[in-house]
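work_3.txt, holding compact mmCIF, C-alpha atoms and all ligand atoms:
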# COMPACT_ATOMS: atom_id res chain seq x y z
CA SER K 251 -62.83 -33.92 -4.22
CA GLY K 252 -60.60 -36.95 -4.70
CA PRO K 253 -59.12 -39.58 -2.39
CA LEU K 254 -56.31 -37.18 -1.44
CA ASP K 255 -58.81 -34.66 -0.09
CA LYS K 256 -60.54 -37.37 1.87
CA GLU K 257 -57.30 -38.53 3.44
CA GLN K 258 -56.30 -34.96 4.14
CA MET K 259 -59.55 -34.31 6.03
CA GLN K 260 -59.12 -37.57 7.91
CA GLY K 261 -55.64 -36.47 9.00
CA LEU K 262 -56.86 -33.04 10.07
CA ARG K 263 -59.74 -34.53 12.03
CA GLY K 264 -57.35 -36.90 13.81
CA VAL K 265 -55.10 -34.03 14.86
CA ARG K 266 -58.06 -31.90 16.01
CA GLU K 267 -59.40 -34.76 18.13
CA PHE K 268 -55.95 -35.13 19.67
CA LEU K 269 -55.86 -31.42 20.56
CA LYS K 270 -59.26 -31.74 22.21
CA VAL K 271 -58.28 -34.63 24.49
CA ARG K 272 -54.89 -33.27 25.52
CA THR K 273 -54.29 -30.31 27.78
CA SER K 274 -51.72 -27.52 27.66
CA TYR K 275 -50.12 -29.19 30.65
CA ASP K 276 -49.40 -32.27 28.51
CA VAL K 277 -47.15 -30.20 26.24
CA LEU K 278 -44.76 -29.38 29.07
CA PRO K 279 -41.69 -31.53 29.57
CA LEU K 280 -41.39 -33.50 32.82
CA SER K 281 -39.04 -30.97 34.27
CA PHE K 282 -38.44 -27.46 33.11
CA ARG K 283 -37.15 -24.14 34.24
CA LEU K 284 -39.14 -20.95 34.12
CA VAL K 285 -37.52 -17.53 34.29
CA VAL K 286 -40.00 -14.97 35.62
CA LEU K 287 -38.99 -11.32 35.69
CA ASP K 288 -40.06 -8.80 38.28
CA ASN K 289 -41.97 -5.94 36.68
CA ASN K 290 -39.78 -3.52 38.59
CA LEU K 291 -36.61 -4.59 36.80
CA LEU K 292 -34.84 -2.17 34.45
CA ILE K 293 -35.56 -3.01 30.81
CA LYS K 294 -31.85 -2.87 30.18
CA LYS K 295 -31.20 -5.55 32.81
CA SER K 296 -34.00 -7.74 31.50
CA LEU K 297 -32.19 -7.89 28.16
CA ASN K 298 -29.06 -9.24 29.79
CA ILE K 299 -31.03 -11.83 31.72
CA LEU K 300 -32.76 -13.08 28.57
CA ILE K 301 -29.44 -13.31 26.73
CA GLN K 302 -27.67 -15.01 29.65
CA ASN K 303 -30.42 -17.60 29.89
CA GLY K 304 -30.63 -18.16 26.16
CA ILE K 305 -34.34 -17.26 26.05
CA VAL K 306 -36.30 -14.67 24.08
CA SER K 307 -39.31 -14.12 26.31
CA ALA K 308 -40.39 -14.29 29.95
CA PRO K 309 -43.53 -13.80 32.01
CA LEU K 310 -43.61 -10.68 34.17
CA TRP K 311 -44.56 -10.62 37.79
CA ASP K 312 -46.05 -7.70 39.68
CA SER K 313 -44.74 -8.38 43.18
CA GLN K 314 -46.65 -5.49 44.72
CA ASN K 315 -49.96 -7.08 43.82
CA SER K 316 -48.69 -10.66 43.60
CA ALA K 317 -50.09 -10.97 40.11
CA PHE K 318 -49.08 -12.06 36.66
CA ALA K 319 -48.28 -8.92 34.66
CA GLY K 320 -48.06 -10.14 31.06
CA LEU K 321 -45.33 -11.53 28.84
CA LEU K 322 -42.11 -9.81 27.87
CA THR K 323 -41.33 -10.57 24.21
CA SER K 324 -39.24 -9.19 21.37
CA THR K 325 -42.24 -7.02 20.44
CA ASP K 326 -41.64 -5.03 23.62
CA PHE K 327 -38.05 -4.35 22.63
CA ILE K 328 -39.17 -3.35 19.17
CA ASN K 329 -41.58 -0.91 20.84
CA VAL K 330 -38.73 0.57 22.88
CA ILE K 331 -36.75 1.00 19.66
CA GLN K 332 -39.67 2.78 18.04
CA TYR K 333 -39.89 5.00 21.08
CA TYR K 334 -36.20 5.77 20.74
CA CYS K 335 -36.72 6.67 17.07
CA GLN K 336 -39.59 9.02 17.88
CA PHE K 337 -37.97 10.58 20.94
CA PRO K 338 -34.19 10.33 20.38
CA ASP K 339 -33.54 13.00 23.02
CA GLU K 340 -35.00 10.70 25.66
CA ILE K 341 -32.14 8.22 25.44
CA ALA K 342 -31.01 8.98 29.01
CA HIS K 343 -34.51 8.16 30.23
CA ILE K 344 -34.78 5.01 28.17
CA ASP K 345 -31.87 3.62 30.13
CA GLN K 346 -33.87 4.10 33.31
CA PHE K 347 -37.11 2.53 32.06
CA ARG K 348 -38.45 -0.40 34.01
CA LEU K 349 -40.47 -3.27 32.62
CA SER K 350 -43.51 -1.72 34.28
CA SER K 351 -43.17 1.27 31.92
CA LEU K 352 -43.68 -0.86 28.82
CA ARG K 353 -47.39 0.05 28.78
CA ASP K 354 -46.49 3.76 28.85
CA ILE K 355 -44.15 3.20 25.93
CA GLU K 356 -46.96 1.57 23.96
CA ARG K 357 -49.16 4.56 24.63
CA ALA K 358 -46.43 7.04 23.72
CA ILE K 359 -45.79 5.45 20.31
CA GLY K 360 -49.48 4.81 19.72
CA VAL K 361 -49.55 1.01 19.44
CA LEU K 362 -52.33 -1.02 20.93
CA PRO K 363 -51.22 -3.07 23.89
CA LEU K 364 -51.13 -6.76 23.10
CA GLU K 365 -54.03 -8.51 24.66
CA THR K 366 -52.78 -10.42 27.69
CA VAL K 367 -54.41 -13.76 27.23
CA SER K 368 -53.64 -16.80 29.27
CA VAL K 369 -55.10 -20.26 29.64
CA HIS K 370 -55.49 -22.65 32.49
CA PRO K 371 -53.00 -25.52 32.05
CA MET K 372 -55.68 -28.19 32.44
CA ARG K 373 -57.95 -26.83 29.71
CA PRO K 374 -57.90 -28.65 26.36
CA LEU K 375 -54.94 -27.75 24.17
CA TYR K 376 -57.40 -26.98 21.39
CA GLU K 377 -58.59 -24.01 23.42
CA ALA K 378 -55.07 -22.63 23.83
CA CYS K 379 -54.59 -22.93 20.06
CA ARG K 380 -57.84 -21.15 19.24
CA ARG K 381 -57.01 -18.39 21.65
CA MET K 382 -53.55 -17.95 20.14
CA LEU K 383 -54.96 -17.68 16.63
CA LYS K 384 -57.62 -15.25 17.68
CA THR K 385 -55.22 -12.87 19.42
CA ARG K 386 -52.29 -13.50 17.07
CA ALA K 387 -50.19 -14.35 20.11
CA ARG K 388 -47.16 -16.50 19.31
CA ARG K 389 -46.95 -17.73 22.88
CA ILE K 390 -49.45 -18.09 25.66
CA PRO K 391 -48.85 -18.24 29.40
CA LEU K 392 -50.39 -21.05 31.44
CA VAL K 393 -51.82 -19.45 34.53
CA ASP K 394 -53.20 -21.41 37.47
CA ARG K 395 -54.51 -20.29 40.83
CA ASP K 396 -53.01 -21.35 44.12
CA ASP K 397 -55.74 -23.12 46.12
CA GLU K 398 -54.58 -21.80 49.47
CA THR K 399 -53.74 -18.19 48.75
CA GLY K 400 -56.05 -17.74 45.77
CA ARG K 401 -53.15 -16.07 43.97
CA GLU K 402 -52.29 -16.44 40.32
CA MET K 403 -49.36 -18.67 39.43
CA VAL K 404 -47.59 -18.75 36.10
CA VAL K 405 -46.91 -22.42 35.44
CA SER K 406 -45.17 -22.05 32.10
CA VAL K 407 -45.50 -20.53 28.67
CA ILE K 408 -46.28 -22.53 25.56
CA THR K 409 -45.43 -21.42 22.05
CA GLN K 410 -46.83 -22.23 18.62
CA TYR K 411 -43.57 -24.03 18.00
CA ARG K 412 -44.01 -26.31 21.02
CA ILE K 413 -47.59 -27.11 20.11
CA LEU K 414 -46.75 -28.00 16.52
CA LYS K 415 -43.82 -30.10 17.74
CA PHE K 416 -46.15 -31.88 20.16
CA ILE K 417 -48.59 -32.55 17.32
CA ALA K 418 -45.80 -33.75 15.02
CA VAL K 419 -44.27 -36.11 17.57
CA ASN K 420 -47.54 -37.69 18.70
CA ASN K 421 -49.61 -37.84 15.53
CA GLU K 422 -47.47 -39.36 12.85
CA GLN K 423 -50.36 -41.62 11.86
CA TYR K 424 -52.44 -38.53 11.07
CA THR K 425 -49.82 -36.11 9.76
CA MET K 426 -48.74 -38.75 7.22
CA LEU K 427 -52.19 -38.40 5.67
CA LEU K 428 -51.58 -34.72 4.89
CA LYS K 429 -50.35 -35.34 1.36
CA LYS K 430 -51.45 -32.18 -0.39
CA PRO K 431 -48.70 -29.78 -1.52
CA VAL K 432 -48.49 -26.46 0.32
CA GLN K 433 -49.06 -24.58 -2.93
CA GLU K 434 -52.39 -26.27 -3.49
CA LEU K 435 -53.42 -25.57 0.09
CA GLY K 436 -52.51 -21.92 -0.28
CA LEU K 437 -50.49 -22.34 2.90
CA GLY K 438 -48.38 -19.26 3.62
CA THR K 439 -47.88 -15.86 1.99
CA TYR K 440 -46.71 -15.50 -1.61
CA THR K 441 -47.47 -11.91 -2.56
CA ASP K 442 -46.38 -8.58 -1.13
CA LEU K 443 -43.48 -10.15 0.75
CA ALA K 444 -41.40 -7.92 2.98
CA THR K 445 -37.71 -8.48 2.20
CA ALA K 446 -34.39 -6.77 2.86
CA THR K 447 -30.76 -7.11 1.76
CA MET K 448 -27.54 -7.64 3.70
CA GLY K 449 -26.84 -3.92 3.31
CA SER K 450 -30.18 -2.78 4.76
CA SER K 451 -29.95 -1.26 8.22
CA VAL K 452 -31.30 -3.15 11.20
CA LEU K 453 -33.62 -0.23 11.80
CA ASP K 454 -35.09 -0.52 8.28
CA VAL K 455 -35.84 -4.19 8.89
CA ILE K 456 -37.44 -3.42 12.25
CA HIS K 457 -39.67 -0.84 10.58
CA LEU K 458 -40.69 -3.48 8.03
CA MET K 459 -41.61 -5.92 10.78
CA VAL K 460 -43.72 -3.26 12.46
CA LYS K 461 -45.39 -2.15 9.22
CA TYR K 462 -46.29 -5.69 8.14
CA ASN K 463 -46.86 -6.99 11.65
CA ILE K 464 -44.57 -9.94 11.02
CA SER K 465 -41.81 -11.60 12.97
CA ALA K 466 -39.25 -12.29 10.25
CA VAL K 467 -37.91 -10.75 7.06
CA PRO K 468 -36.06 -12.83 4.43
CA ILE K 469 -32.71 -11.38 3.40
CA ILE K 470 -32.20 -11.72 -0.35
CA ASP K 471 -29.58 -10.80 -2.94
CA LYS K 472 -30.14 -8.89 -6.17
CA ASP K 473 -31.34 -12.06 -7.92
CA ASN K 474 -33.99 -12.67 -5.28
CA LYS K 475 -32.01 -15.59 -3.87
CA VAL K 476 -32.43 -16.20 -0.16
CA LEU K 477 -29.30 -15.53 1.91
CA ASN K 478 -30.69 -15.45 5.42
CA LEU K 479 -33.59 -14.40 7.58
CA PHE K 480 -33.76 -11.58 10.11
CA GLU K 481 -36.08 -12.48 12.97
CA ALA K 482 -37.67 -10.29 15.62
CA VAL K 483 -35.61 -12.15 18.23
CA ASP K 484 -32.43 -11.05 16.45
CA VAL K 485 -33.20 -7.55 17.73
CA ILE K 486 -32.39 -8.56 21.31
CA PRO K 487 -28.59 -8.85 20.98
CA CYS K 488 -28.56 -5.67 18.87
CA ILE K 489 -29.65 -3.44 21.74
CA LYS K 490 -27.76 -5.19 24.51
CA GLY K 491 -26.27 -2.66 26.89
CA GLY K 492 -28.55 0.08 25.54
CA ALA K 493 -26.67 0.35 22.25
CA TYR K 494 -29.56 1.94 20.36
CA ASP K 495 -27.27 4.00 18.16
CA GLU K 496 -25.91 0.74 16.71
CA LEU K 497 -29.24 -0.02 15.07
CA SER K 498 -27.97 1.82 12.02
CA ALA K 499 -25.59 -1.13 11.50
CA THR K 500 -26.34 -3.43 8.59
CA VAL K 501 -28.27 -6.66 8.74
CA GLY K 502 -25.09 -8.46 7.70
CA GLU K 503 -23.26 -7.15 10.77
CA ALA K 504 -26.15 -7.94 13.09
CA LEU K 505 -26.55 -11.50 11.83
CA SER K 506 -22.87 -12.19 12.39
CA ARG K 507 -23.56 -11.63 16.09
CA ARG K 508 -26.07 -14.44 16.32
CA ALA K 509 -25.61 -16.89 19.17
CA GLU K 510 -23.69 -20.11 18.54
CA GLU K 511 -26.76 -22.24 19.11
CA PHE K 512 -28.71 -20.58 16.30
CA GLY K 513 -30.59 -23.40 14.67
CA GLY K 514 -30.41 -22.18 11.08
CA ILE K 515 -33.18 -21.34 8.67
CA TYR K 516 -35.49 -23.84 7.01
CA THR K 517 -36.68 -23.79 3.46
CA CYS K 518 -39.17 -25.81 1.50
CA ASN K 519 -40.47 -26.05 -2.02
CA GLU K 520 -43.94 -25.17 -3.28
CA ASP K 521 -44.46 -28.81 -4.22
CA ASP K 522 -43.61 -30.06 -0.73
CA ARG K 523 -46.45 -31.70 1.08
CA LEU K 524 -47.66 -30.83 4.54
CA ASP K 525 -46.60 -34.27 5.84
CA ALA K 526 -43.00 -33.42 4.90
CA ILE K 527 -43.28 -30.13 6.76
CA PHE K 528 -44.47 -31.98 9.84
CA ASP K 529 -41.45 -34.28 9.49
CA THR K 530 -39.21 -31.21 9.54
CA ILE K 531 -41.02 -29.86 12.61
CA ARG K 532 -40.65 -33.25 14.31
CA LYS K 533 -36.90 -33.26 13.77
CA SER K 534 -35.86 -29.64 13.99
CA ARG K 535 -36.37 -26.34 15.72
CA VAL K 536 -38.40 -24.70 12.98
CA HIS K 537 -39.98 -21.30 13.54
CA ARG K 538 -41.04 -20.69 9.94
CA LEU K 539 -40.25 -22.00 6.49
CA ILE K 540 -39.07 -19.97 3.57
CA VAL K 541 -40.52 -21.25 0.31
CA VAL K 542 -37.92 -21.23 -2.46
CA ASP K 543 -37.69 -22.52 -6.03
CA ASP K 544 -34.98 -24.89 -7.28
CA ASP K 545 -32.57 -21.97 -7.65
CA ASN K 546 -33.13 -20.86 -4.06
CA ARG K 547 -35.17 -17.86 -5.21
CA LEU K 548 -37.73 -16.55 -2.76
CA LYS K 549 -41.31 -17.62 -3.48
CA GLY K 550 -43.05 -17.24 -0.14
CA ILE K 551 -43.04 -17.75 3.57
CA ILE K 552 -44.96 -20.17 5.77
CA SER K 553 -45.26 -19.13 9.39
CA LEU K 554 -46.16 -21.45 12.23
CA SER K 555 -49.40 -19.49 12.61
CA ASP K 556 -50.23 -20.28 8.96
CA ILE K 557 -49.78 -23.99 9.71
CA LEU K 558 -51.66 -23.88 13.01
CA LYS K 559 -54.51 -21.96 11.40
CA TYR K 560 -54.82 -24.49 8.60
CA VAL K 561 -54.62 -27.50 10.91
CA LEU K 562 -57.27 -26.13 13.26
CA LEU K 563 -59.66 -24.35 10.99
CA TYR K 564 -59.57 -25.61 7.43
CA GLY K 565 -63.02 -26.89 6.47
CA GLU K 566 -64.55 -26.04 9.83
CA GLU K 567 -68.03 -24.54 9.86
CA ASP K 568 -67.29 -21.71 12.25
CA ASP K 569 -64.02 -20.63 10.72
CA ASP K 570 -64.55 -17.10 11.98
CA ILE K 571 -60.82 -16.61 12.45
CA ARG K 572 -59.74 -17.52 8.94
CA GLY K 573 -59.03 -14.54 6.76
CA ASN K 574 -58.28 -12.34 9.74
P1 LIG K 601 -46.05 -15.92 13.40
O1 LIG K 601 -47.38 -15.31 13.77
O2 LIG K 601 -46.09 -17.42 13.27
O3 LIG K 601 -44.89 -15.43 14.19
P2 LIG K 601 -45.52 -13.99 11.34
O4 LIG K 601 -45.92 -12.92 12.27
O5 LIG K 601 -44.11 -13.94 10.83
O6 LIG K 601 -45.74 -15.43 11.94
O7 LIG K 601 -46.51 -14.05 10.12
C1 LIG K 601 -47.81 -13.54 10.14
C2 LIG K 601 -48.39 -13.63 8.73
O8 LIG K 601 -47.61 -12.84 7.83
C3 LIG K 601 -48.38 -15.05 8.17
O9 LIG K 601 -49.57 -15.26 7.45
C4 LIG K 601 -47.18 -15.08 7.24
O10 LIG K 601 -47.38 -15.93 6.11
C5 LIG K 601 -47.05 -13.64 6.81
N1 LIG K 601 -45.63 -13.25 6.68
C6 LIG K 601 -44.59 -13.66 7.44
N2 LIG K 601 -43.44 -13.09 7.05
C7 LIG K 601 -43.73 -12.29 6.00
C8 LIG K 601 -42.96 -11.43 5.14
N3 LIG K 601 -41.64 -11.27 5.30
N4 LIG K 601 -43.62 -10.75 4.16
C9 LIG K 601 -44.96 -10.88 4.02
N5 LIG K 601 -45.73 -11.67 4.77
C10 LIG K 601 -45.14 -12.39 5.76

Before we go any further, please render this structure as structure tokens.
Amino acid sequence: SGPLDKEQMQGLRGVREFLKVRTSYDVLPLSFRLVVLDNNLLIKKSLNILIQNGIVSAPLWDSQNSAFAGLLTSTDFINVIQYYCQFPDEIAHIDQFRLSSLRDIERAIGVLPLETVSVHPMRPLYEACRRMLKTRARRIPLVDRDDETGREMVVSVITQYRILKFIAVNNEQYTMLLKKPVQELGLGTYTDLATATMGSSVLDVIHLMVKYNISAVPIIDKDNKVLNLFEAVDVIPCIKGGAYDELSATVGEALSRRAEEFGGIYTCNEDDRLDAIFDTIRKSRVHRLIVVDDDNRLKGIISLSDILKYVLLYGEEDDDIRGN
């Protein structure tokens, strides 16, 4: 191993130390707003609330038992869509489903419920990261306990994006040491990529996301050039108002309905170095990077979990999570 490898390890070690001395609480901004949804709410209404608030996920609250009841995410809506596909005659019922029936929907379509993991906000951030990688959760709720009542309290939710942003903003001296190109690191996925075209139906793309267990599908043209990206969160506006029959619309139509504040998609080159990727994360709202060649042809995809996994686990002795 050459001097580059040595520097790379030095950078990784610096970031890992940082994650061990900071807590999840440190990632939170000084003031923030948290939308918590009552488990008794109609699924249909929850969609409107998410859209109105410009968010894609929210913790659920079981007010009967005064307890945290899991996270509502785009995966839940994708589950409802699968349910609709399997039981199209149930559409009248689907409209009446409450958030508390999401577990029944999982059972009905035969998917395993996502493990509801949470972390205490004052535990080291490193722990939250490990837990996210282990469960494949893209976001993790910070749950505390009220001293007086002994009840659970959801403080906030942190995402992979927020954690990587926090690393990027506070560790420039370490991330600048990460000079190896992504290709050499094997960072991301380059074979068996799930893709779709502008003419594919939204439903086809949703089925791809379910089959591959991924949260985004690059949209390419006949020459394999990248035109756009359909993300799991793009499903939310598609079914607003219970418009399940509109899922047969094309990806092109669905993407034209994206919110104004859509941040755009980010691409990188196989020769780009990890330090450059951290620069992008520092400056922009990146949720994944599409790897393209000089002609904008699709080569691969780097998810935030790929980056987090590498940063936490590369070269570690007990890398029991790698390869999962
Ligand atoms: P995240 O967990 O950060 O949301 P994904 O669920 O999209 O990311 O990705 C999970 C894994 O699947 C990653 O290793 C990523 O490289 C890979 N992946 C992501 N998108 C695709 C795709 N369209 N085709 C094949 N593999 C993908």

| When the cut-off is 6 Å and you count only C-alpha atoms and all ligand atoms, which residues lie near ligand LIG 601 (chain K), shown as a ChimeraX atom specification? | /K:388,438-439,442-445,464-468,551-556

Name the residues within 7 Å of (-36.1, -13.0, 34.0), counting all atoms listed in the file in the file's coordinates, and put them as a PDB file with C-alpha atoms, in the frame of the given file.
ATOM      1  CA  VAL K 285     -37.520 -17.530  34.290  1.00  0.00           C
ATOM      2  CA  VAL K 286     -40.000 -14.970  35.620  1.00  0.00           C
ATOM      3  CA  LEU K 287     -38.990 -11.320  35.690  1.00  0.00           C
ATOM      4  CA  SER K 296     -34.000  -7.740  31.500  1.00  0.00           C
ATOM      5  CA  ILE K 299     -31.030 -11.830  31.720  1.00  0.00           C
ATOM      6  CA  LEU K 300     -32.760 -13.080  28.570  1.00  0.00           C
ATOM      7  CA  ALA K 308     -40.390 -14.290  29.950  1.00  0.00           C
TER       8      ALA K 308
END

| Non-local contacts of Gly502 in chain K (9 Å; only C-alpha atoms; under 6 positions in same chain excluded) as a list in words |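 The residues satisfying every condition are Thr447, Met448, Gly449, Ser450, Ser451 and Val452 of chain K.
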
| query | At what distance in Å, to one decimal, does CA of Ile305 in chain K lie from CA of Leu364 in chain K? | reply |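 Going from CA of Leu364 in chain K over to CA of Ile305 in chain K covers 20.0 Å.
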
| said: Measuring between only C-alpha atoms, which one of K:Val277, K:Val561, K:Ile390, K:Val404 shows the shortest distance to Thr425 in chain K? | reply: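 The shortest atom-to-atom distance to Thr425 in chain K comes from K:Val561.
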
Which centre and which edge lengths, in Å to one decimal, describe the axis-aligned box that holds all listed atoms of range 269-284 of chain K after 5 Å is added on each side, as JSON?
{"center_x": -48.2, "center_y": -27.8, "center_z": 27.4, "size_x": 32.1, "size_y": 23.7, "size_z": 23.7}

| Between CA of Val536 in chain K and CA of Phe512 in chain K - distance in Å to one decimal | 11.0 Å

| If we count all atoms listed in the file, what is near Ile470 in chain K at a cut-off of 10 Å, once residues fewer than 4 positions away on the same chain are taken out, given as JSON, numbers by chain? | {"K": [445, 446, 447, 448, 474, 475, 476, 477, 478, 479, 546, 547, 548]}

| task | Write out as a list of chain:residue names each polymer residue whose atoms come within 8 Å of range 405-414 of chain K, counting all atoms listed in the file; drop sequence neighbours fewer than 5 positions from it. | result |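 The residues satisfying every condition are K:Ser274, K:Val277, K:Leu278, K:Leu284, K:Pro309, K:Pro371, K:Cys379, K:Arg388, K:Arg389, K:Ile390, K:Pro391, K:Leu392, K:Val393, K:Asp394, K:Ile531, K:Arg535, K:Val536, K:His537, K:Leu554, K:Ser555, K:Leu558.
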
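Residues with any atom within 8 Å of the point (-52.4, -29.7, 3.7), counting only C-alpha atoms, are Gln258, Leu428, Lys429, Lys430, Pro431, Val432, Glu434, Leu435, Leu437, Arg523, Leu524, Asp525, Tyr560 and Val561 of chain K.
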
| task | Would you mind reading off the distance between CA of Asp396 in chain K and CA of Arg381 in chain K, one decimal, in Å? | result | 23.0 Å

| field | Nearest candidate to Leu497 in chain K (options K:Thr323, K:Ser316, K:Gln332, K:Asn303; using all atoms listed in the file) | value |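 Comparing K:Thr323, K:Ser316, K:Gln332, K:Asn303 against Leu497 in chain K, the winner is K:Gln332.
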
| task | Excluding Leu291 in chain K and any residue of its chain fewer than 6 positions from it, enumerate the residues within 8 Å of it, using only C-alpha atoms, and give them as an NGL selection string. | result | :K and (348-350)

| said: Which residues are near Val306 in chain K? Cut-off 10 Å, all atoms listed in the file, ignore same chain within fewer than 4 positions. Put them as a VMD selection string. | reply: chain K and resid 297 299 to 301 322 to 324 482 to 484 486

Can I get the selected residues back with C-alpha atoms, as a tab-separated table (two decimals), in the frame of the given file?
chain	number	residue	atom	x	y	z
K	297	LEU	CA	-32.19	-7.89	28.16
K	299	ILE	CA	-31.03	-11.83	31.72
K	300	LEU	CA	-32.76	-13.08	28.57
K	301	ILE	CA	-29.44	-13.31	26.73
K	322	LEU	CA	-42.11	-9.81	27.87
K	323	THR	CA	-41.33	-10.57	24.21
K	324	SER	CA	-39.24	-9.19	21.37
K	482	ALA	CA	-37.67	-10.29	15.62
K	483	VAL	CA	-35.61	-12.15	18.23
K	484	ASP	CA	-32.43	-11.05	16.45
K	486	ILE	CA	-32.39	-8.56	21.31
